[in-house]
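Coordinates from my_file_2.cif are shown below (mmCIF, C-alpha atoms).
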```cif
data_data
loop_
_atom_site.label_atom_id
_atom_site.label_comp_id
_atom_site.auth_asym_id
_atom_site.auth_seq_id
_atom_site.Cartn_x
_atom_site.Cartn_y
_atom_site.Cartn_z
CA MET A 630 21.24 49.44 18.99
CA LYS A 631 21.79 52.82 20.48
CA LEU A 632 25.30 53.45 21.79
CA LYS A 633 25.87 55.28 25.01
CA PRO A 634 27.69 58.59 24.43
CA ARG A 635 30.85 57.35 26.14
CA HIS A 636 31.16 54.53 23.59
CA LEU A 637 31.09 56.94 20.71
CA PRO A 638 34.37 58.86 21.01
CA ILE A 639 36.85 56.25 19.75
CA ASN A 640 35.06 56.04 16.42
CA ARG A 641 34.35 59.72 16.29
CA HIS A 642 37.93 60.63 17.15
CA GLY A 643 39.22 58.58 14.26
CA LEU A 644 36.62 60.05 11.96
CA VAL A 645 37.31 63.67 12.90
CA LEU A 646 41.08 63.20 12.76
CA GLY A 647 40.71 61.46 9.41
CA CYS A 648 38.57 64.31 8.09
CA PHE A 649 41.17 66.91 9.10
CA ALA A 650 43.99 64.86 7.61
CA LEU A 651 42.01 64.46 4.38
CA LEU A 652 41.16 68.16 4.25
CA VAL A 653 44.75 69.29 4.79
CA THR A 654 46.13 66.66 2.40
CA GLY A 655 43.62 67.81 -0.20
CA ALA A 656 44.60 71.44 0.26
CA LEU A 657 48.29 70.52 0.03
CA ALA A 658 47.75 68.42 -3.11
CA MET A 659 45.86 71.32 -4.69
CA THR A 660 48.56 73.84 -3.77
CA GLN A 661 51.22 71.51 -5.12
CA ALA A 662 49.37 70.95 -8.39
CA LEU A 663 48.88 74.70 -8.80
CA THR A 664 52.48 75.64 -8.03
CA GLU A 665 54.37 72.69 -9.54
CA ASN A 666 54.95 74.23 -12.96
CA ARG A 667 55.97 77.61 -11.65
CA ILE A 668 58.35 76.07 -9.12
CA SER A 669 60.13 73.93 -11.70
CA LEU A 670 60.38 76.92 -14.07
CA ASN A 671 61.81 79.01 -11.23
CA GLU A 672 64.32 76.31 -10.34
CA THR A 673 65.52 75.95 -13.92
CA ALA A 674 65.86 79.72 -14.27
CA GLN A 675 67.76 79.86 -10.99
CA ARG A 676 70.14 77.08 -12.03
CA GLU A 677 70.84 78.78 -15.34
CA LYS A 678 71.44 82.06 -13.55
CA VAL A 679 73.98 80.45 -11.23
CA LEU A 680 75.66 78.65 -14.14
CA ALA A 681 75.89 81.92 -16.08
CA GLN A 682 77.59 83.57 -13.06
CA VAL A 683 80.75 81.51 -13.39
CA LEU A 684 81.10 82.35 -17.10
CA PRO A 685 82.41 85.62 -18.57
CA ASP A 686 79.95 88.52 -18.51
CA GLN A 687 79.97 89.05 -22.26
CA TRP A 688 78.31 85.65 -22.75
CA ALA A 689 75.36 86.57 -20.60
CA ASP A 690 73.34 87.99 -23.52
CA HIS A 691 73.24 84.73 -25.47
CA PRO A 692 71.18 81.73 -24.45
CA LEU A 693 73.77 79.16 -23.47
CA ASP A 694 74.00 75.93 -25.38
CA GLN A 695 74.95 73.50 -22.66
CA HIS A 696 75.48 69.79 -22.66
CA LYS A 697 75.48 67.99 -19.34
CA THR A 698 77.58 64.93 -18.51
CA GLU A 699 78.67 63.12 -15.34
CA LEU A 700 82.22 61.96 -14.79
CA TYR A 701 83.87 60.10 -11.92
CA ASP A 702 86.80 61.79 -10.19
CA GLU A 703 89.21 59.12 -8.94
CA LYS A 704 91.18 61.43 -6.68
CA THR A 705 88.27 62.69 -4.56
CA GLY A 706 86.02 59.70 -5.17
CA LEU A 707 83.14 61.95 -6.17
CA THR A 708 81.05 62.08 -9.30
CA ARG A 709 81.20 65.54 -10.84
CA THR A 710 78.59 67.02 -13.14
CA CYS A 711 80.13 68.88 -16.09
CA TYR A 712 78.24 71.40 -18.20
CA ILE A 713 80.05 71.79 -21.52
CA THR A 714 79.23 75.22 -22.87
CA LYS A 715 79.25 76.04 -26.56
CA VAL A 716 79.77 79.56 -27.81
CA ASN A 717 79.11 80.14 -31.53
CA GLY A 718 78.88 76.43 -32.06
CA SER A 719 82.22 75.35 -30.58
CA ALA A 720 82.81 73.97 -27.09
CA THR A 721 84.62 76.80 -25.31
CA ALA A 722 84.24 76.26 -21.59
CA VAL A 723 83.09 73.78 -19.03
CA ILE A 724 81.39 74.27 -15.68
CA ILE A 725 82.27 71.58 -13.15
CA THR A 726 80.59 70.92 -9.82
CA ALA A 727 82.92 70.74 -6.83
CA THR A 728 82.45 69.80 -3.19
CA ALA A 729 84.92 70.77 -0.48
CA THR A 730 84.50 68.31 2.38
CA ASP A 731 87.11 69.75 4.74
CA GLY A 732 85.40 73.04 5.55
CA TYR A 733 84.55 74.18 9.08
CA SER A 734 81.07 72.63 9.09
CA GLY A 735 79.63 70.39 6.42
CA ASP A 736 80.16 70.29 2.70
CA ILE A 737 80.77 73.38 0.60
CA ASN A 738 79.19 72.97 -2.84
CA MET A 739 80.64 75.03 -5.65
CA LEU A 740 80.59 75.55 -9.39
CA VAL A 741 83.88 76.14 -11.18
CA GLY A 742 83.90 77.56 -14.70
CA ILE A 743 87.02 76.70 -16.73
CA LEU A 744 88.02 77.78 -20.22
CA ARG A 745 89.44 75.32 -22.73
CA ASP A 746 92.97 76.58 -21.99
CA GLY A 747 92.60 75.71 -18.29
CA SER A 748 92.06 79.19 -16.87
CA ILE A 749 89.23 79.82 -14.41
CA THR A 750 86.35 82.03 -15.55
CA GLY A 751 84.65 82.08 -12.17
CA VAL A 752 83.92 80.17 -8.96
CA ARG A 753 80.66 80.40 -7.01
CA VAL A 754 79.53 78.69 -3.82
CA THR A 755 76.05 77.24 -4.28
CA LYS A 756 75.50 75.74 -0.84
CA HIS A 757 77.37 75.75 2.46
CA SER A 758 76.83 75.89 6.23
CA GLU A 759 79.98 77.76 7.34
CA THR A 760 79.85 80.06 10.37
CA PRO A 761 77.68 83.14 9.67
CA GLY A 762 79.72 86.30 9.82
CA LEU A 763 83.03 84.43 9.42
CA GLY A 764 83.22 81.63 6.89
CA ASP A 765 80.27 82.85 4.87
CA ALA A 766 82.46 85.47 3.19
CA ILE A 767 82.92 82.81 0.50
CA GLU A 768 79.47 83.87 -0.79
CA VAL A 769 79.71 86.40 -3.59
CA LEU A 770 76.82 88.36 -2.03
CA ARG A 771 78.89 88.97 1.09
CA SER A 772 82.41 89.43 -0.19
CA GLU A 773 84.42 89.79 -3.41
CA TRP A 774 86.87 87.14 -2.20
CA ILE A 775 85.57 84.33 -4.42
CA LYS A 776 86.40 86.46 -7.48
CA SER A 777 90.11 86.18 -6.66
CA PHE A 778 90.06 82.87 -8.56
CA ASP A 779 89.19 84.54 -11.86
CA GLY A 780 91.90 83.96 -14.47
CA LYS A 781 93.96 81.60 -12.27
CA THR A 782 95.38 78.38 -13.69
CA LEU A 783 97.23 75.39 -12.26
CA SER A 784 100.56 76.99 -13.19
CA SER A 785 99.69 80.51 -12.04
CA PRO A 786 100.04 80.60 -9.10
CA ILE A 787 102.49 77.70 -8.95
CA GLU A 788 101.37 74.57 -7.12
CA SER A 789 102.67 75.56 -3.67
CA GLY A 790 100.76 78.83 -4.00
CA TRP A 791 97.39 77.07 -4.10
CA THR A 792 96.59 77.72 -0.44
CA VAL A 793 95.96 80.67 1.88
CA ARG A 794 98.57 83.33 2.78
CA LYS A 795 98.93 81.91 6.27
CA ASN A 796 100.47 78.81 4.62
CA ASN A 797 102.51 80.97 2.22
CA GLY A 798 99.88 80.66 -0.49
CA ALA A 799 98.53 83.21 -2.95
CA PHE A 800 95.00 83.54 -1.55
CA ASP A 801 93.78 85.70 1.33
CA GLN A 802 92.19 84.12 4.37
CA PHE A 803 89.45 85.94 6.33
CA THR A 804 89.78 87.58 9.71
CA GLY A 805 89.01 84.81 12.18
CA ALA A 806 88.56 82.12 9.55
CA THR A 807 91.29 80.15 7.81
CA ILE A 808 89.77 76.69 7.51
CA THR A 809 86.93 77.70 5.20
CA PRO A 810 88.97 79.58 2.56
CA ARG A 811 91.71 76.94 2.68
CA ALA A 812 89.14 74.22 1.96
CA VAL A 813 87.72 76.21 -0.94
CA VAL A 814 91.15 76.93 -2.46
CA ASN A 815 92.13 73.29 -2.13
CA GLU A 816 88.97 72.05 -3.80
CA VAL A 817 89.29 74.53 -6.68
CA LYS A 818 92.80 73.16 -7.22
CA ASN A 819 91.42 69.59 -7.19
CA THR A 820 88.84 70.62 -9.76
CA LEU A 821 91.51 72.06 -12.04
CA GLN A 822 93.54 68.84 -11.77
CA PHE A 823 90.40 66.86 -12.54
CA PHE A 824 89.78 69.11 -15.54
CA ASN A 825 93.28 68.42 -16.85
CA SER A 826 92.79 64.66 -16.60
CA VAL A 827 89.48 64.60 -18.46
CA LYS A 828 89.97 67.59 -20.79
CA THR A 829 90.32 65.59 -23.99
CA GLU A 830 87.36 63.40 -23.14
CA LEU A 831 85.17 66.41 -22.22
CA PHE A 832 85.72 68.40 -25.36
CA SER A 833 85.31 65.39 -27.66
CA LEU A 834 81.75 64.83 -26.37
CA MET B 804 53.62 83.72 33.83
CA SER B 805 53.01 85.86 36.87
CA ASP B 806 50.93 88.20 34.77
CA THR B 807 47.23 88.28 35.59
CA THR B 808 46.04 89.91 32.35
CA ALA B 809 47.74 87.19 30.39
CA ASN B 810 46.02 84.47 32.36
CA SER B 811 42.61 86.03 32.04
CA ILE B 812 43.11 86.46 28.31
CA ALA B 813 44.17 82.90 27.85
CA GLY B 814 41.18 81.67 29.84
CA ASN B 815 37.87 80.60 28.38
CA SER B 816 35.76 83.63 27.61
CA SER B 817 32.56 84.16 25.68
CA ASP B 818 33.23 87.87 25.13
CA SER B 819 36.53 88.49 23.38
CA PRO B 820 39.24 90.65 24.92
CA SER B 821 39.87 94.06 23.41
CA ILE B 822 42.34 94.54 20.58
CA ARG B 823 44.45 96.72 22.84
CA ALA B 824 44.68 94.05 25.51
CA LEU B 825 45.58 91.44 22.89
CA LEU B 826 48.36 93.57 21.43
CA THR B 827 49.88 94.43 24.82
CA SER B 828 49.75 90.81 25.82
CA GLY B 829 51.38 89.42 22.67
CA LEU B 830 54.00 92.12 22.34
CA TRP B 831 54.98 92.61 25.95
CA SER B 832 53.23 91.25 29.03
CA ASN B 833 52.83 87.72 27.68
CA ASN B 834 55.53 87.81 25.00
CA PRO B 835 56.03 84.25 23.64
CA ALA B 836 59.85 84.41 23.83
CA LEU B 837 60.55 86.66 26.83
CA VAL B 838 57.75 85.57 29.17
CA GLN B 839 56.55 82.17 28.02
CA LEU B 840 60.05 81.11 26.90
CA LEU B 841 58.58 79.27 23.93
CA GLY B 842 60.17 78.65 20.54
CA LEU B 843 63.70 79.06 21.85
CA CYS B 844 65.17 76.52 19.43
CA PRO B 845 64.63 78.62 16.27
CA LEU B 846 65.09 81.82 18.30
CA LEU B 847 68.60 80.99 19.47
CA ALA B 848 69.64 79.31 16.22
CA VAL B 849 68.68 82.00 13.73
CA SER B 850 69.37 85.21 15.65
CA ASN B 851 73.06 85.62 14.70
CA THR B 852 72.34 88.72 12.61
CA ALA B 853 69.51 91.26 12.67
CA ILE B 854 68.48 90.39 9.11
CA ASN B 855 68.36 86.65 9.82
CA GLY B 856 66.22 87.39 12.86
CA LEU B 857 63.89 89.63 10.89
CA SER B 858 63.54 87.00 8.14
CA LEU B 859 62.53 84.24 10.54
CA GLY B 860 60.37 86.73 12.44
CA ILE B 861 58.32 87.62 9.37
CA ALA B 862 57.89 83.97 8.36
CA THR B 863 56.87 82.98 11.91
CA ALA B 864 54.43 85.87 12.34
CA PHE B 865 52.72 84.94 9.09
CA THR B 866 52.40 81.31 10.19
CA VAL B 867 50.99 82.04 13.65
CA PHE B 868 48.50 84.47 12.06
CA LEU B 869 47.22 81.83 9.60
CA SER B 870 47.31 78.97 12.11
CA ASN B 871 45.31 81.01 14.65
CA ILE B 872 42.69 81.79 12.01
CA SER B 873 42.35 78.21 10.81
CA VAL B 874 42.23 76.75 14.32
CA SER B 875 39.60 79.31 15.27
CA VAL B 876 37.50 78.55 12.16
CA CYS B 877 37.61 74.82 12.93
CA ARG B 878 37.26 75.15 16.71
CA LYS B 879 33.67 73.80 16.75
CA PHE B 880 34.82 70.58 15.07
CA ILE B 881 37.94 69.99 17.13
CA LEU B 882 37.38 67.33 19.79
CA ALA B 883 39.16 68.00 23.06
CA ASP B 884 40.89 64.60 23.28
CA ILE B 885 42.54 64.82 19.88
CA ARG B 886 43.09 68.55 19.65
CA ILE B 887 46.91 68.39 19.64
CA PRO B 888 47.21 66.07 16.61
CA ILE B 889 44.68 68.26 14.80
CA TYR B 890 46.68 71.41 15.55
CA VAL B 891 49.84 69.71 14.35
CA ILE B 892 48.13 68.64 11.10
CA LEU B 893 46.83 72.17 10.52
CA ILE B 894 50.10 73.95 11.35
CA SER B 895 52.35 71.66 9.34
CA GLY B 896 49.92 71.89 6.43
CA ILE B 897 50.03 75.68 6.59
CA VAL B 898 53.82 75.82 6.81
CA THR B 899 54.19 73.45 3.85
CA MET B 900 51.73 75.51 1.80
CA ILE B 901 53.55 78.74 2.63
CA GLY B 902 56.78 77.09 1.49
CA LEU B 903 55.25 75.96 -1.81
CA LEU B 904 53.60 79.31 -2.53
CA MET B 905 56.78 81.21 -1.71
CA SER B 906 58.79 78.95 -3.97
CA ALA B 907 56.31 79.53 -6.81
CA TYR B 908 55.61 83.25 -6.49
CA ALA B 909 58.56 84.69 -4.59
CA HIS B 910 61.40 82.36 -5.50
CA GLU B 911 64.21 84.78 -4.64
CA MET B 912 62.76 85.28 -1.18
CA TYR B 913 62.21 81.56 -0.82
CA LEU B 914 65.89 80.92 -1.49
CA ARG B 915 66.78 83.36 1.29
CA LEU B 916 64.11 82.32 3.81
CA GLY B 917 63.79 78.75 2.59
CA ILE B 918 65.87 77.20 5.35
CA PHE B 919 63.86 79.05 8.01
CA VAL B 920 60.45 77.87 6.84
CA PRO B 921 60.66 74.23 7.99
CA LEU B 922 62.16 75.50 11.27
CA ILE B 923 58.85 77.23 12.01
CA ILE B 924 57.10 73.89 12.55
CA THR B 925 59.39 73.31 15.53
CA ASN B 926 58.20 76.55 17.12
CA CYS B 927 55.94 75.52 19.99
CA ALA B 928 54.83 79.14 20.49
CA ILE B 929 52.49 78.58 17.53
CA LEU B 930 51.02 75.41 19.03
CA ALA B 931 50.65 77.23 22.35
CA ARG B 932 48.59 80.03 20.78
CA ALA B 933 46.37 77.50 19.00
CA GLU B 934 45.79 75.64 22.27
CA SER B 935 45.38 78.52 24.70
CA PHE B 936 43.75 81.14 22.54
CA ALA B 937 42.53 80.35 19.02
CA SER B 938 40.59 77.27 20.10
CA LYS B 939 38.52 79.38 22.53
CA ASN B 940 38.01 82.66 20.70
CA ASN B 941 36.37 83.98 17.56
CA VAL B 942 38.21 84.34 14.27
CA PHE B 943 38.79 88.09 14.50
CA ALA B 944 40.26 87.99 18.02
CA SER B 945 42.40 85.01 17.04
CA ALA B 946 43.73 86.84 14.00
CA VAL B 947 44.66 89.87 16.14
CA ASP B 948 46.26 87.60 18.72
CA GLY B 949 48.21 85.88 15.94
CA ILE B 950 49.56 89.21 14.70
CA ALA B 951 50.44 90.37 18.24
CA THR B 952 52.16 87.10 19.18
CA GLY B 953 53.99 86.91 15.87
CA ALA B 954 55.16 90.51 16.12
CA GLY B 955 56.23 89.95 19.74
CA PHE B 956 58.32 86.95 18.73
CA ALA B 957 59.78 88.79 15.73
CA LEU B 958 60.70 91.76 17.93
CA VAL B 959 62.76 89.57 20.28
CA LEU B 960 64.42 87.87 17.29
CA VAL B 961 65.45 91.22 15.82
CA ALA B 962 66.59 92.60 19.20
CA LEU B 963 68.72 89.53 19.92
CA GLY B 964 69.97 89.39 16.32
CA ALA B 965 70.94 93.07 16.36
CA THR B 966 72.80 92.72 19.68
CA ARG B 967 74.69 89.63 18.56
CA GLU B 968 75.56 91.17 15.21
CA LEU B 969 76.76 94.44 16.72
CA ILE B 970 78.94 92.77 19.36
CA GLY B 971 80.15 89.89 17.23
CA GLN B 972 80.68 91.57 13.91
CA GLY B 973 80.52 95.32 14.53
CA THR B 974 77.69 95.93 12.07
CA LEU B 975 73.93 96.38 12.25
CA PHE B 976 71.47 95.22 9.56
CA ALA B 977 74.31 94.17 7.27
CA ASP B 978 73.32 92.15 4.19
CA ALA B 979 69.81 93.61 4.12
CA HIS B 980 69.83 92.96 0.37
CA LEU B 981 69.56 89.23 1.09
CA LEU B 982 66.06 89.90 2.42
CA PHE B 983 64.91 92.87 0.39
CA GLY B 984 66.36 91.81 -2.95
CA THR B 985 68.33 94.93 -3.85
CA SER B 986 71.74 94.20 -5.31
CA THR B 987 73.86 95.62 -2.49
CA SER B 988 73.35 97.35 0.83
CA THR B 989 75.36 99.15 3.46
CA PRO B 990 74.90 98.31 7.13
CA LEU B 991 73.00 100.78 9.31
CA ILE B 992 75.98 100.91 11.66
CA ASP B 993 79.48 99.79 10.79
CA LEU B 994 82.21 99.98 13.41
CA GLY B 995 84.83 99.54 10.71
CA GLU B 996 87.86 97.35 10.17
CA GLN B 997 89.54 98.21 13.49
CA TYR B 998 86.74 96.48 15.40
CA GLN B 999 87.76 92.82 15.46
CA GLY B 1000 84.44 91.54 16.76
CA LEU B 1001 83.73 89.37 19.76
CA LEU B 1002 83.30 86.01 18.08
CA ILE B 1003 81.41 84.36 20.93
CA ALA B 1004 78.39 86.62 20.36
CA ILE B 1005 77.80 85.04 16.95
CA LEU B 1006 78.42 81.48 18.09
CA PRO B 1007 75.74 79.47 19.97
CA PRO B 1008 77.01 80.23 23.52
CA GLY B 1009 76.63 83.94 22.81
CA ALA B 1010 72.99 83.35 21.96
CA PHE B 1011 72.33 81.83 25.38
CA ILE B 1012 74.27 84.48 27.28
CA LEU B 1013 72.70 87.44 25.49
CA PHE B 1014 69.21 85.95 25.63
CA GLY B 1015 69.71 85.52 29.37
CA LEU B 1016 70.63 89.20 29.65
CA LEU B 1017 67.54 90.16 27.64
CA LEU B 1018 65.44 88.18 30.13
CA VAL B 1019 67.12 90.04 32.99
CA LEU B 1020 66.21 93.37 31.39
CA LYS B 1021 62.62 92.29 30.79
CA ASN B 1022 62.23 91.07 34.37
CA LEU B 1023 63.83 94.21 35.80
CA SER B 1024 61.44 96.38 33.84
CA THR B 1025 58.35 94.54 35.08
CA THR B 1026 59.35 93.97 38.71
CA LYS B 1027 58.21 96.76 40.98
CA PRO B 1028 60.90 97.90 43.42
#
```

Could you write out this file's structure as structure tokens?
Amino acid sequence: MKLKPRHLPINRHGLVLGCFALLVTGALAMTQALTENRISLNETAQREKVLAQVLPDQWADHPLDQHKTELYDEKTGLTRTCYITKVNGSATAVIITATATDGYSGDINMLVGILRDGSITGVRVTKHSETPGLGDAIEVLRSEWIKSFDGKTLSSPIESGWTVRKNNGAFDQFTGATITPRAVVNEVKNTLQFFNSVKTELFSL
Amino acid sequence: MSDTTANSIAGNSSDSPSIRALLTSGLWSNNPALVQLLGLCPLLAVSNTAINGLSLGIATAFTVFLSNISVSVCRKFILADIRIPIYVILISGIVTMIGLLMSAYAHEMYLRLGIFVPLIITNCAILARAESFASKNNVFASAVDGIATGAGFALVLVALGATRELIGQGTLFADAHLLFGTSTSTPLIDLGEQYQGLLIAILPPGAFILFGLLLVLKNLSTTKP
């Protein structure tokens, strides 16, 4: 039976749309297959680069021997990933993930590097959505501020000093932004307290 | 909108318009942002600094260029009734592929532009070019139109970004290293520490106000006294 032209479209529409969807899906699958390996290599390299940033510079030449573990933090109710770092065969430092939830907008994800004696080797923000031009000075690419944590411990400054200058603390705030740096300082302090509570467990792993 | 060249270009034509006409149309007389008022969502959201604007501008221009070419190549097979879903399939496919390729071969750049790439799909200026131009013209003319439209959009992004950055923060093209990959960079203009900055220019309301003023300027320049 010969169909009149006006009866054709419904079938043809489906067919043509299906063909385009198939074509694009095919092209996407091909691109994904071709790029998959490179992307995962890039991501690993990037993660290692960020991890290395919170550790002392003189370790940068050696490939890091890191052991990853996840521990629950009762105070903040978050699970933290800890990367125990060995230098010359002995566990010397640990990098702990931290999330400040009381920033100006959204979570601020950070990495905190801590030596065995409880002093900070470095803090870096890995992801945030603070106000551009104000709160984003927590990024190391935009400001040196985040380096003011280097060498700090829970006892230096003393506990009441673990906030911004506006609240009589030891850390600078930014022009026009107090909430963001205060949230970061507070979370770094939480991370140090967490470190103290799990120190023995961490370094026995 | 009131522009006659733009309408004649967008219309169905067997002989393609000249390159010159295409470039003038995309960059100025029929500019996607200033005249057609398309793609305002990414435009207002990502124009808080000149470098952010430039980054999104480059990514968008590249997408509209490729989407125009692919729509034009397929235009004989695209049925009128289902053309919009087909355009959407093509454009989102292209944007996803650009994202994957960037992540594989220019990972540093992907980390900087990464958040802007999915935003491009929401830019209806690209869909508009596919519908009103690429589906009716040959591949070469569509490619040129893609470049012109993309550049026109990018130009507005950079202009708005530069204005907002200068008023809000007192710098111009600060943080260029985030885009170009050098380790540090100094802003083109820096008003210094004494300039406190007018915060509202960086925040969303500033985007609307300053974009409105840009529109006023554009309309003043094209209205004959």

For this file, the PyMOL selection byres ((chain B) within 10 of (chain A)) selects which residues, as JSON, numbers by chain?
{"B": [849, 851, 852, 855, 877, 880, 881, 882, 883, 884, 885, 886, 888, 889, 890, 892, 893, 894, 895, 896, 897, 899, 900, 901, 903, 904, 905, 906, 907, 908, 909, 910, 911, 914, 968, 971, 972, 977, 978, 980, 981, 986, 987, 996, 999, 1000, 1002, 1005, 1006]}

Applied to this file, what does the PyMOL selection byres ((chain A and resi 778) around 8) return in terms of residues, put as a PyMOL selection string?
chain A and resi 749-752+775-777+779-781

Residues from the last selection, C-alpha atoms, saved as a short mmCIF file (atom, residue, chain, number, x, y, z; two decimals), in the frame of the given file:
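Listed below is the output, result21.cif:
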```
data_model
loop_
_atom_site.label_atom_id
_atom_site.label_comp_id
_atom_site.auth_asym_id
_atom_site.auth_seq_id
_atom_site.Cartn_x
_atom_site.Cartn_y
_atom_site.Cartn_z
CA ILE A 749 89.23 79.82 -14.41
CA THR A 750 86.35 82.03 -15.55
CA GLY A 751 84.65 82.08 -12.17
CA VAL A 752 83.92 80.17 -8.96
CA ILE A 775 85.57 84.33 -4.42
CA LYS A 776 86.40 86.46 -7.48
CA SER A 777 90.11 86.18 -6.66
CA ASP A 779 89.19 84.54 -11.86
CA GLY A 780 91.90 83.96 -14.47
CA LYS A 781 93.96 81.60 -12.27
#
```

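Picture a line from CA of Leu841 (chain B) to CA of Lys1021 (chain B); it runs 15.3 Å.
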
Test item: the PyMOL selection byres ((chain B and resi 927) around 10) resolved as a PyMOL selection string:
chain B and resi 835+840-845+923-926+928-933

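CA of Thr1026 (chain B) lies 24.8 Å from CA of Ser821 (chain B).
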
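As for CA of Glu759 (chain A) and CA of Gly1009 (chain B), they are spaced 17.0 Å apart.
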
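Minimum atom-to-atom distances from B:Ala862, B:Ile822, B:Leu846, B:Val891 to Leu982 (chain B) were compared using all atoms listed in the file, and the lowest value belongs to B:Ala862.
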
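With all atoms listed in the file as the basis for measurement, B:Pro820 is the residue among B:Gly973, B:Phe1011, B:Pro820, B:Ser1024 that approaches Asn941 (chain B) most closely.
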
Test item: residues at most 12 Å from Gly949 (chain B), all atoms listed in the file, excluding those fewer than 3 positions along its chain, as JSON, numbers by chain
{"B": [822, 825, 826, 828, 829, 830, 834, 835, 863, 864, 865, 866, 867, 868, 869, 870, 871, 872, 873, 874, 875, 928, 929, 930, 931, 932, 933, 935, 936, 937, 940, 942, 943, 944, 945, 946, 952, 953, 954, 955, 956, 957]}

Identify, on the basis of all atoms listed in the file, every residue whose closest approach to Ala727 (chain A) does not exceed 6 Å; exclude the query and any residue fewer than 4 positions from it along the same chain; express the result as number ranges by chain.
A: 738-740

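Shell of Thr721 (chain A) at 10 Å, with all atoms listed in the file counted and residues fewer than 4 places along the chain excluded, is Ile713, Thr714, Lys715, Val716, Asn717, Ile743, Leu744, Arg745, Asp746 and Phe832 of chain A.
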